[in-house]
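Coordinates as given in input.cif (mmCIF, C-alpha atoms):
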```
data_structure
#
loop_
_atom_site.label_atom_id
_atom_site.label_comp_id
_atom_site.auth_asym_id
_atom_site.auth_seq_id
_atom_site.Cartn_x
_atom_site.Cartn_y
_atom_site.Cartn_z
CA MET Y 1 70.24 58.75 128.25
CA ALA Y 2 70.81 62.47 127.81
CA ALA Y 3 71.58 63.77 124.33
CA LEU Y 4 74.91 65.40 123.76
CA ALA Y 5 74.67 69.15 123.09
CA PRO Y 6 76.45 70.44 119.97
CA ALA Y 7 79.75 72.10 120.58
CA GLY Y 8 79.57 75.87 120.43
CA PRO Y 9 82.19 78.50 119.70
CA GLY Y 10 83.23 78.55 123.34
CA ASP Y 11 83.89 74.81 123.31
CA ALA Y 12 86.00 75.13 120.14
CA ALA Y 13 88.07 77.93 121.69
CA SER Y 14 88.49 75.85 124.86
CA ALA Y 15 89.67 72.89 122.79
CA ALA Y 16 92.18 75.09 121.00
CA LEU Y 17 93.49 76.39 124.32
CA ASP Y 18 93.76 72.84 125.69
CA GLU Y 19 95.76 71.76 122.63
CA LEU Y 20 97.88 74.89 122.86
CA SER Y 21 98.71 74.27 126.51
CA SER Y 22 99.59 70.67 125.75
CA ASN Y 23 101.90 71.80 122.95
CA PHE Y 24 104.00 73.96 125.31
CA THR Y 25 106.55 72.54 127.70
CA TYR Y 26 108.18 74.79 130.27
CA TRP Y 27 111.08 73.51 132.29
CA ALA Y 28 111.36 74.61 135.86
CA PRO Y 29 114.83 75.76 136.91
CA ASP Y 30 116.14 72.91 139.03
CA ALA Y 31 119.53 71.36 139.69
CA GLY Y 32 119.53 69.42 136.43
CA ASN Y 33 118.70 72.28 134.10
CA GLY Y 34 122.09 73.94 133.75
CA SER Y 35 123.19 74.83 130.25
CA LEU Y 36 125.95 72.19 130.37
CA SER Y 37 124.14 69.40 132.23
CA GLY Y 38 123.14 66.08 130.72
CA GLU Y 39 119.52 66.77 131.61
CA TRP Y 40 119.63 70.01 129.61
CA TYR Y 41 120.90 68.21 126.52
CA ARG Y 42 118.35 65.41 126.91
CA ARG Y 43 115.46 67.86 127.04
CA ASN Y 44 116.84 69.96 124.19
CA GLN Y 45 117.59 67.18 121.73
CA VAL Y 46 115.00 68.38 119.20
CA HIS Y 47 116.17 71.99 119.52
CA LEU Y 48 119.81 70.98 119.14
CA PHE Y 49 118.97 68.98 116.05
CA GLY Y 50 117.27 72.07 114.61
CA VAL Y 51 120.33 74.17 115.51
CA LEU Y 52 122.60 71.62 113.83
CA LEU Y 53 120.45 71.73 110.68
CA ALA Y 54 120.53 75.54 110.66
CA ILE Y 55 124.31 75.77 111.16
CA LEU Y 56 124.95 73.08 108.56
CA GLY Y 57 122.52 74.76 106.16
CA ASN Y 58 124.17 78.16 106.59
CA PHE Y 59 127.61 76.63 106.10
CA ILE Y 60 126.46 74.97 102.87
CA ILE Y 61 125.04 78.33 101.76
CA SER Y 62 128.44 79.95 102.35
CA ILE Y 63 130.07 77.21 100.24
CA SER Y 64 127.54 77.79 97.47
CA LEU Y 65 128.18 81.55 97.47
CA ASN Y 66 131.92 81.01 97.11
CA ILE Y 67 131.40 78.44 94.34
CA GLN Y 68 129.25 80.92 92.42
CA LYS Y 69 131.86 83.63 93.01
CA TYR Y 70 134.59 81.30 91.71
CA SER Y 71 132.45 80.60 88.65
CA HIS Y 72 132.12 84.32 87.90
CA LEU Y 73 135.87 84.86 88.34
CA GLN Y 74 136.66 81.93 86.05
CA LEU Y 75 134.29 83.19 83.34
CA ALA Y 76 135.76 86.69 83.57
CA GLN Y 77 139.23 85.33 82.77
CA GLN Y 78 138.13 83.59 79.60
CA GLU Y 79 138.83 85.25 76.26
CA HIS Y 80 135.33 84.54 74.95
CA SER Y 81 133.02 85.02 77.88
CA ARG Y 82 129.72 83.19 78.08
CA PRO Y 83 126.64 83.65 80.28
CA TYR Y 84 127.12 82.48 83.85
CA PHE Y 85 123.98 80.33 83.77
CA LYS Y 86 125.69 78.08 81.19
CA SER Y 87 128.40 77.17 83.67
CA MET Y 88 128.07 73.83 85.46
CA ILE Y 89 130.07 75.21 88.39
CA TRP Y 90 127.53 78.01 88.85
CA TRP Y 91 124.64 75.54 88.80
CA GLY Y 92 126.48 73.43 91.36
CA GLY Y 93 126.51 76.47 93.62
CA VAL Y 94 122.79 76.99 93.04
CA PHE Y 95 122.11 73.35 93.97
CA LEU Y 96 124.07 73.72 97.21
CA MET Y 97 122.15 76.93 97.93
CA ALA Y 98 118.88 74.99 97.63
CA VAL Y 99 120.22 72.28 99.95
CA GLY Y 100 121.25 74.84 102.56
CA GLU Y 101 117.92 76.65 102.45
CA THR Y 102 116.14 73.30 102.82
CA GLY Y 103 118.11 72.71 106.01
CA ASN Y 104 117.06 76.13 107.33
CA PHE Y 105 113.44 75.40 106.42
CA ALA Y 106 113.48 72.12 108.33
CA ALA Y 107 115.18 73.80 111.31
CA TYR Y 108 112.28 76.23 111.76
CA GLY Y 109 109.96 73.26 112.24
CA LEU Y 110 112.10 71.83 115.05
CA ALA Y 111 113.25 74.86 117.05
CA PRO Y 112 111.94 78.35 117.96
CA ILE Y 113 112.37 81.26 115.54
CA THR Y 114 114.34 83.14 118.19
CA LEU Y 115 116.89 80.32 118.15
CA ILE Y 116 117.21 79.70 114.39
CA ALA Y 117 117.04 83.22 112.90
CA PRO Y 118 120.23 84.65 114.52
CA LEU Y 119 122.27 81.69 113.26
CA GLY Y 120 122.50 83.38 109.87
CA CYS Y 121 125.76 84.89 111.11
CA MET Y 122 127.30 81.44 110.57
CA SER Y 123 126.86 81.89 106.83
CA VAL Y 124 128.88 85.13 106.86
CA ALA Y 125 131.62 83.69 109.08
CA GLY Y 126 131.79 80.48 107.06
CA SER Y 127 132.00 82.40 103.81
CA ALA Y 128 134.97 84.39 105.15
CA ILE Y 129 136.80 81.18 106.12
CA ILE Y 130 136.15 79.49 102.77
CA SER Y 131 137.16 82.55 100.75
CA VAL Y 132 140.50 82.63 102.56
CA MET Y 133 141.15 78.90 102.06
CA PHE Y 134 140.02 78.42 98.46
CA LEU Y 135 139.82 81.88 96.84
CA LYS Y 136 143.11 82.98 98.45
CA GLU Y 137 141.64 86.19 99.86
CA ASN Y 138 143.44 88.05 102.62
CA LEU Y 139 142.74 87.12 106.23
CA ARG Y 140 142.53 90.30 108.27
CA ALA Y 141 142.64 90.81 112.02
CA SER Y 142 139.07 92.13 111.89
CA ASP Y 143 138.01 88.83 110.25
CA LEU Y 144 139.45 86.80 113.12
CA LEU Y 145 137.87 89.08 115.71
CA GLY Y 146 134.53 89.06 113.89
CA MET Y 147 134.42 85.28 113.58
CA THR Y 148 135.33 84.92 117.26
CA LEU Y 149 132.50 87.25 118.27
CA ALA Y 150 130.07 85.46 115.94
CA PHE Y 151 130.92 82.06 117.43
CA ALA Y 152 130.70 83.43 120.99
CA GLY Y 153 127.33 85.01 120.23
CA THR Y 154 126.08 81.73 118.72
CA TYR Y 155 127.10 79.85 121.86
CA LEU Y 156 125.13 82.26 124.04
CA LEU Y 157 122.12 82.10 121.70
CA VAL Y 158 122.01 78.31 121.75
CA ASN Y 159 122.36 78.09 125.53
CA PHE Y 160 120.05 80.93 126.54
CA ALA Y 161 117.34 80.82 123.87
CA PRO Y 162 113.81 80.29 125.21
CA ASN Y 163 113.41 76.81 126.71
CA ILE Y 164 110.07 76.14 125.07
CA THR Y 165 108.95 73.15 123.03
CA GLN Y 166 105.95 73.73 120.82
CA ALA Y 167 104.25 71.37 118.39
CA VAL Y 168 102.86 73.55 115.60
CA SER Y 169 99.51 72.22 114.42
CA ALA Y 170 96.91 73.81 112.16
CA ARG Y 171 94.68 74.58 115.12
CA THR Y 172 97.57 76.26 116.94
CA VAL Y 173 98.31 78.49 113.95
CA GLN Y 174 94.64 79.39 113.62
CA TYR Y 175 94.51 80.37 117.28
CA TYR Y 176 97.60 82.56 116.99
CA ILE Y 177 96.61 84.27 113.76
CA VAL Y 178 93.40 85.69 115.25
CA GLY Y 179 95.05 86.75 118.51
CA LEU Y 180 94.77 90.40 119.49
CA GLN Y 181 98.51 90.99 119.87
CA PHE Y 182 99.25 89.60 116.42
CA LEU Y 183 96.45 91.64 114.81
CA VAL Y 184 97.85 94.82 116.37
CA TYR Y 185 101.33 93.82 115.22
CA VAL Y 186 100.18 93.22 111.63
CA ILE Y 187 98.29 96.53 111.48
CA LEU Y 188 101.36 98.46 112.69
CA GLU Y 189 103.59 96.58 110.28
CA MET Y 190 101.28 97.29 107.33
CA LEU Y 191 101.12 100.97 108.28
CA ILE Y 192 104.92 101.29 108.43
CA PHE Y 193 105.27 99.33 105.20
CA CYS Y 194 102.83 101.60 103.33
CA ILE Y 195 104.57 104.76 104.61
CA LEU Y 196 108.01 103.51 103.53
CA LEU Y 197 106.65 102.36 100.19
CA TYR Y 198 105.18 105.84 99.64
CA PHE Y 199 108.55 107.49 100.26
CA LEU Y 200 110.24 104.94 97.99
CA LYS Y 201 107.84 105.13 95.04
CA ARG Y 202 106.45 108.66 95.22
CA LYS Y 203 109.34 110.61 96.73
CA GLY Y 204 112.14 108.58 95.14
CA MET Y 205 113.91 108.04 98.47
CA THR Y 206 116.14 105.00 98.05
CA HIS Y 207 118.09 105.14 101.29
CA ILE Y 208 119.49 101.80 102.40
CA VAL Y 209 117.52 101.93 105.66
CA ILE Y 210 114.23 102.31 103.78
CA LEU Y 211 114.94 99.43 101.41
CA LEU Y 212 116.18 97.02 104.06
CA THR Y 213 113.40 97.95 106.47
CA LEU Y 214 110.94 96.91 103.76
CA VAL Y 215 112.86 93.64 103.46
CA ALA Y 216 112.76 93.14 107.25
CA LEU Y 217 109.01 93.80 107.47
CA LEU Y 218 108.39 91.17 104.82
CA ALA Y 219 110.87 88.85 106.55
CA SER Y 220 108.74 88.81 109.69
CA LEU Y 221 105.85 87.37 107.68
CA THR Y 222 108.25 84.97 105.99
CA VAL Y 223 109.59 83.44 109.20
CA ILE Y 224 106.09 83.17 110.69
CA SER Y 225 104.78 81.36 107.61
CA VAL Y 226 107.94 79.23 107.21
CA LYS Y 227 107.69 77.98 110.78
CA ALA Y 228 103.95 77.37 110.34
CA VAL Y 229 104.39 75.38 107.12
CA SER Y 230 107.47 73.49 108.34
CA GLY Y 231 105.87 72.85 111.74
CA MET Y 232 102.65 71.50 110.23
CA ILE Y 233 104.64 69.20 107.93
CA THR Y 234 106.64 67.95 110.92
CA PHE Y 235 103.42 67.49 112.92
CA SER Y 236 101.92 65.54 110.00
CA VAL Y 237 104.90 63.18 109.93
CA THR Y 238 105.14 62.61 113.68
CA ASN Y 239 101.51 62.86 114.82
CA LYS Y 240 98.43 63.72 112.75
CA MET Y 241 97.94 64.90 109.18
CA GLN Y 242 97.70 68.71 109.00
CA LEU Y 243 97.94 69.29 105.24
CA THR Y 244 94.19 69.05 104.76
CA TYR Y 245 93.57 72.30 106.66
CA PRO Y 246 93.16 75.49 104.57
CA ILE Y 247 95.47 77.40 106.93
CA PHE Y 248 98.41 75.34 105.65
CA TYR Y 249 97.95 76.60 102.09
CA ILE Y 250 97.28 80.15 103.25
CA MET Y 251 100.59 80.20 105.11
CA PHE Y 252 102.32 78.59 102.13
CA ILE Y 253 101.09 81.39 99.81
CA ILE Y 254 102.20 84.03 102.34
CA MET Y 255 105.62 82.38 102.51
CA ILE Y 256 106.13 82.40 98.73
CA ALA Y 257 104.78 85.93 98.18
CA SER Y 258 106.82 87.48 100.99
CA CYS Y 259 110.00 85.77 99.74
CA VAL Y 260 109.48 87.08 96.20
CA PHE Y 261 109.03 90.69 97.32
CA GLN Y 262 111.97 90.38 99.73
CA VAL Y 263 114.23 89.43 96.84
CA LYS Y 264 112.90 92.38 94.82
CA PHE Y 265 113.77 95.00 97.45
CA LEU Y 266 117.04 93.28 98.38
CA ASN Y 267 118.18 93.27 94.75
CA GLN Y 268 117.37 96.96 94.53
CA ALA Y 269 119.52 97.61 97.61
CA THR Y 270 122.47 95.62 96.24
CA LYS Y 271 122.34 97.57 92.97
CA LEU Y 272 122.53 100.92 94.76
CA TYR Y 273 124.91 100.10 97.62
CA ASN Y 274 128.01 98.00 98.22
CA THR Y 275 127.62 94.49 99.55
CA THR Y 276 129.76 95.45 102.56
CA ALA Y 277 126.99 97.86 103.58
CA VAL Y 278 124.00 95.70 102.63
CA VAL Y 279 125.04 92.41 104.28
CA PRO Y 280 125.50 93.58 107.91
CA VAL Y 281 122.51 95.95 107.89
CA ASN Y 282 120.27 93.31 106.33
CA HIS Y 283 121.43 90.70 108.85
CA VAL Y 284 120.66 92.98 111.79
CA PHE Y 285 117.27 94.07 110.42
CA PHE Y 286 116.23 90.56 109.36
CA THR Y 287 117.23 88.95 112.66
CA THR Y 288 115.57 91.66 114.75
CA SER Y 289 112.36 91.38 112.73
CA ALA Y 290 112.36 87.58 113.01
CA ILE Y 291 112.89 87.68 116.78
CA ILE Y 292 110.01 90.15 117.22
CA ALA Y 293 107.80 87.93 115.06
CA GLY Y 294 108.64 84.89 117.18
CA ILE Y 295 107.93 86.78 120.38
CA VAL Y 296 104.63 88.26 119.18
CA PHE Y 297 103.16 85.40 117.12
CA TYR Y 298 104.50 82.25 118.78
CA GLN Y 299 105.00 83.82 122.24
CA GLU Y 300 108.44 82.24 122.53
CA PHE Y 301 109.61 84.37 125.46
CA ARG Y 302 106.57 83.74 127.61
CA GLY Y 303 107.68 82.85 131.13
CA ALA Y 304 111.38 83.49 130.44
CA ALA Y 305 113.58 84.92 133.20
CA PHE Y 306 115.01 88.42 132.81
CA LEU Y 307 118.65 87.26 133.04
CA THR Y 308 118.06 84.64 130.34
CA VAL Y 309 116.54 87.24 128.03
CA PHE Y 310 119.39 89.68 128.71
CA ILE Y 311 122.12 87.12 127.93
CA TYR Y 312 120.22 86.04 124.82
CA PHE Y 313 120.12 89.57 123.42
CA PHE Y 314 123.75 90.07 124.38
CA GLY Y 315 124.55 87.03 122.25
CA CYS Y 316 122.60 88.63 119.39
CA PHE Y 317 124.65 91.80 119.81
CA LEU Y 318 127.91 89.83 119.63
CA SER Y 319 126.81 88.08 116.44
CA PHE Y 320 125.77 91.42 114.89
CA LEU Y 321 129.13 92.94 115.74
CA GLY Y 322 130.94 89.90 114.35
CA VAL Y 323 129.11 90.14 111.00
CA PHE Y 324 129.94 93.86 110.80
CA LEU Y 325 133.65 93.23 111.40
CA VAL Y 326 133.86 90.40 108.87
CA THR Y 327 132.20 92.38 106.08
CA ARG Y 328 133.82 95.76 106.86
CA ASN Y 329 135.83 97.23 103.95
CA ARG Y 330 136.12 93.82 102.28
CA GLU Y 331 135.25 94.97 98.74
CA LYS Y 332 137.80 97.80 98.80
CA GLU Y 333 140.60 95.24 98.81
CA HIS Y 334 139.53 93.89 95.41
CA LEU Y 335 139.41 97.15 93.48
CA GLN Y 336 141.49 96.93 90.33
CA GLN Y 337 144.10 99.56 89.50
CA SER Y 338 143.17 102.07 86.80
CA TYR Y 339 146.60 101.97 85.21
CA ILE Y 340 149.01 99.46 83.66
CA ASP Y 341 152.20 98.59 85.51
CA PHE Y 342 155.20 98.78 83.16
CA GLY Y 343 157.07 96.62 85.64
CA ASN Y 344 155.00 93.64 84.50
CA ILE Y 345 156.34 94.02 80.92
CA PRO Y 346 159.75 92.37 80.28
CA GLY Y 347 162.52 94.83 79.37
CA LYS Y 348 160.82 97.83 80.98
CA GLN Y 349 162.24 99.40 84.13
CA MET Y 350 159.96 102.32 84.69
CA LEU Y 351 156.50 102.72 86.13
CA ASP Y 352 154.05 105.26 84.82
CA LYS Y 353 150.35 105.75 84.34
CA ILE Y 354 149.36 105.51 80.70
CA GLN Y 355 145.67 105.94 81.57
CA PRO Y 356 144.87 109.29 83.22
CA ASP Y 357 142.85 109.59 86.37
CA SER Y 358 139.12 109.20 85.67
CA ASN Y 359 138.42 112.10 87.99
CA GLY Y 360 140.88 114.47 86.26
CA LEU Y 361 140.10 117.08 83.64
CA SER Y 362 142.21 115.35 81.01
CA TYR Y 363 140.36 112.05 81.12
CA GLY Y 364 139.22 110.95 77.65
CA THR Y 365 141.36 113.54 75.78
CA LEU Y 366 144.42 113.03 73.60
CA PRO Y 367 147.70 114.57 74.80
CA ASP Y 368 149.09 117.49 72.77
CA GLY Y 369 152.64 117.75 71.39
CA SER Y 370 154.07 119.38 74.48
CA ASP Y 371 152.67 116.65 76.67
CA SER Y 372 154.10 113.93 74.47
CA THR Y 373 157.51 115.64 74.43
CA LYS Y 374 157.39 115.99 78.18
CA SER Y 375 156.38 112.39 78.60
CA GLN Y 376 159.41 111.29 76.58
CA SER Y 377 162.01 113.44 78.40
CA GLY Y 378 160.20 114.08 81.61
CA GLU Y 379 160.15 112.50 84.98
CA LYS Y 380 160.62 108.76 85.28
CA LYS Y 381 160.27 106.56 88.27
CA GLU Y 382 162.56 103.65 88.98
CA VAL Y 383 160.89 100.46 90.05
#
```

Produce C-alpha cells that represent the structure in this file.
Amino acid sequence: MAALAPAGPGDAASAALDELSSNFTYWAPDAGNGSLSGEWYRRNQVHLFGVLLAILGNFIISISLNIQKYSHLQLAQQEHSRPYFKSMIWWGGVFLMAVGETGNFAAYGLAPITLIAPLGCMSVAGSAIISVMFLKENLRASDLLGMTLAFAGTYLLVNFAPNITQAVSARTVQYYIVGLQFLVYVILEMLIFCILLYFLKRKGMTHIVILLTLVALLASLTVISVKAVSGMITFSVTNKMQLTYPIFYIMFIIMIASCVFQVKFLNQATKLYNTTAVVPVNHVFFTTSAIIAGIVFYQEFRGAAFLTVFIYFFGCFLSFLGVFLVTRNREKEHLQQSYIDFGNIPGKQMLDKIQPDSNGLSYGTLPDGSDSTKSQSGEKKEV
C-alpha cells in the first residue's frame, strides 16, 4: 500500500480554489431568470432577505435619528436644560440605532456588498418622511422628487445587482486577502490616504472633499471586514465553525479600527460644514468606495453582462440624485430670526427690529440720543 505524500503549498492553493469555486453560483440567462419571474425570486431568496434586513435596518436608523432630534428639541425648550445623555428619549434613539446597524451587519453576510451598500439612501428618504409626519417639517417638491428617484434607484439596484451567491469562509477570505489585485488596491489606497492626511495635518487643508475621501477610503476596509466577519459567522451557523481561524479576529480588529477613525474624520467634517453638504457627499463617496471594494476584493461583478452593469450603475446614480434632492437646502428652513416680532406681544401693532443686524457696524453698540428720538417718532410699520 503506497504511503500518502504530505500536502504541499500547491495542494493547499488548489483546495482553496476548489472551495472558492464551490462557493460561487452563477446563473445562466435562460427563460426563467427574468427579474420578475418566480424562478428569479426562488434563487434570490437569501439575497432578498439580506435586502429586507438592510432596508429595515436603514428605516430603523432614520427613526432613531428623528427620535434623537426630537429629544434635543425638547431639551432646548426646557427652562433648566440638562445634558442630552440623561434623557431616556435620547437613549431610546441610541438603542434603535444599534438595532438598525445590527440589521445592516447581518445583511452583509447574506448579500453582496454591491447590493447592500447603496441601500443607505433608504435611511435618508425614510428620515425625510418621518420628519414630515412627526416633527411637522415642511414637505417640499424636491423631497417628493428625491424620494421617488431613491425608490426607483433601489428597485434597479435590487433587480440588476450581481447574481452571485458566495459563502464566505475563513479560507475564502485568506485566498482573497493575498490576491494580487487586492494587494495593488490596498497599496494605492494607502498611498492616497497618506497624501490626503499630509495635506490635512501639515498643510491645514480641511476641504470637505479631503475629509470625506478619508472617510470613504476607510469605509472600503470597513465593508470588506464587515462582510468577512458577518459571512464567517453566518457560515459557522449554517455549515462549519469558522471562529477558530485567526483571520476572523484580524478582520474583526480591522472592522473596529476603521469604524473608529471613520467617525473621527466624519465628526470633523460635520463641525466645519453643514449637514446638507456632508450627508449627500458622504453617501456618494461611501457607496462608491464600498462598490469598488466589493468588485476588487470579492469579485462580485465577475461574469456580469455589460447591460446589467450599466443599469446597476444607473440605479446608483438615481439614488445619489435622490439623496441630494432630499437634503438640499433643508437646514436653511430652520434658521431662527435674529429679531423679536412685536406682533407676537399682545397690545402691540407694529413690527420692528430691536436687535440690529449682526453684520452691521452698529452691532453690539448702544444707540445715542438721536437714534432713540428717531426710533420713538420715526418710521413704523403696520402689521

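Nearest-residue note for Y:Ile113: choosing from Y:Val326, Y:Val278, Y:Ala219, Y:Met97, the minimum distance belongs to Y:Ala219, counting only C-alpha atoms.
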
(Q) Just the number, please: distance in Å from atom CA of Y:Leu321 to atom CA of Y:His72, one decimal. (A) 29.3 Å

Q | Selection dump of the PyMOL selection byres ((chain Y and resi 48-53) around 8), as a VMD selection string | A | chain Y and resid 41 44 to 47 54 to 57 103 to 104 106 to 111 115 to 116 158

Go through stretch 193-261 of chain Y and flag each residue having an atom no more than 10 Å from stretch 298-317 of chain Y; for those, report the closest pair of atoms plus their distance in Å to one decimal, using all atoms listed in the file, ordered by chain and rising number, as a Markdown table.
```
| residue | atom | partner | partner_atom | distance |
| --- | --- | --- | --- | --- |
| Y:Ile224 | CA | Y:Tyr298 | CA | 8.3 |
| Y:Lys227 | CA | Y:Tyr298 | CA | 9.6 |
| Y:Ala228 | CA | Y:Tyr298 | CA | 9.8 |
```

(Q) Could you tell me, as a ChimeraX atom specification, exactly which residues end up selected when the PyMOL selection byres ((chain Y and resi 64) around 6) is applied to this structure? (A) /Y:61-63,65-67,93,96-97

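Among Y:Leu191, Y:Met251, Y:Val226, Y:Ala293, the residue with the shortest atom-to-atom distance to Y:Phe105, counting all atoms listed in the file, is Y:Val226.
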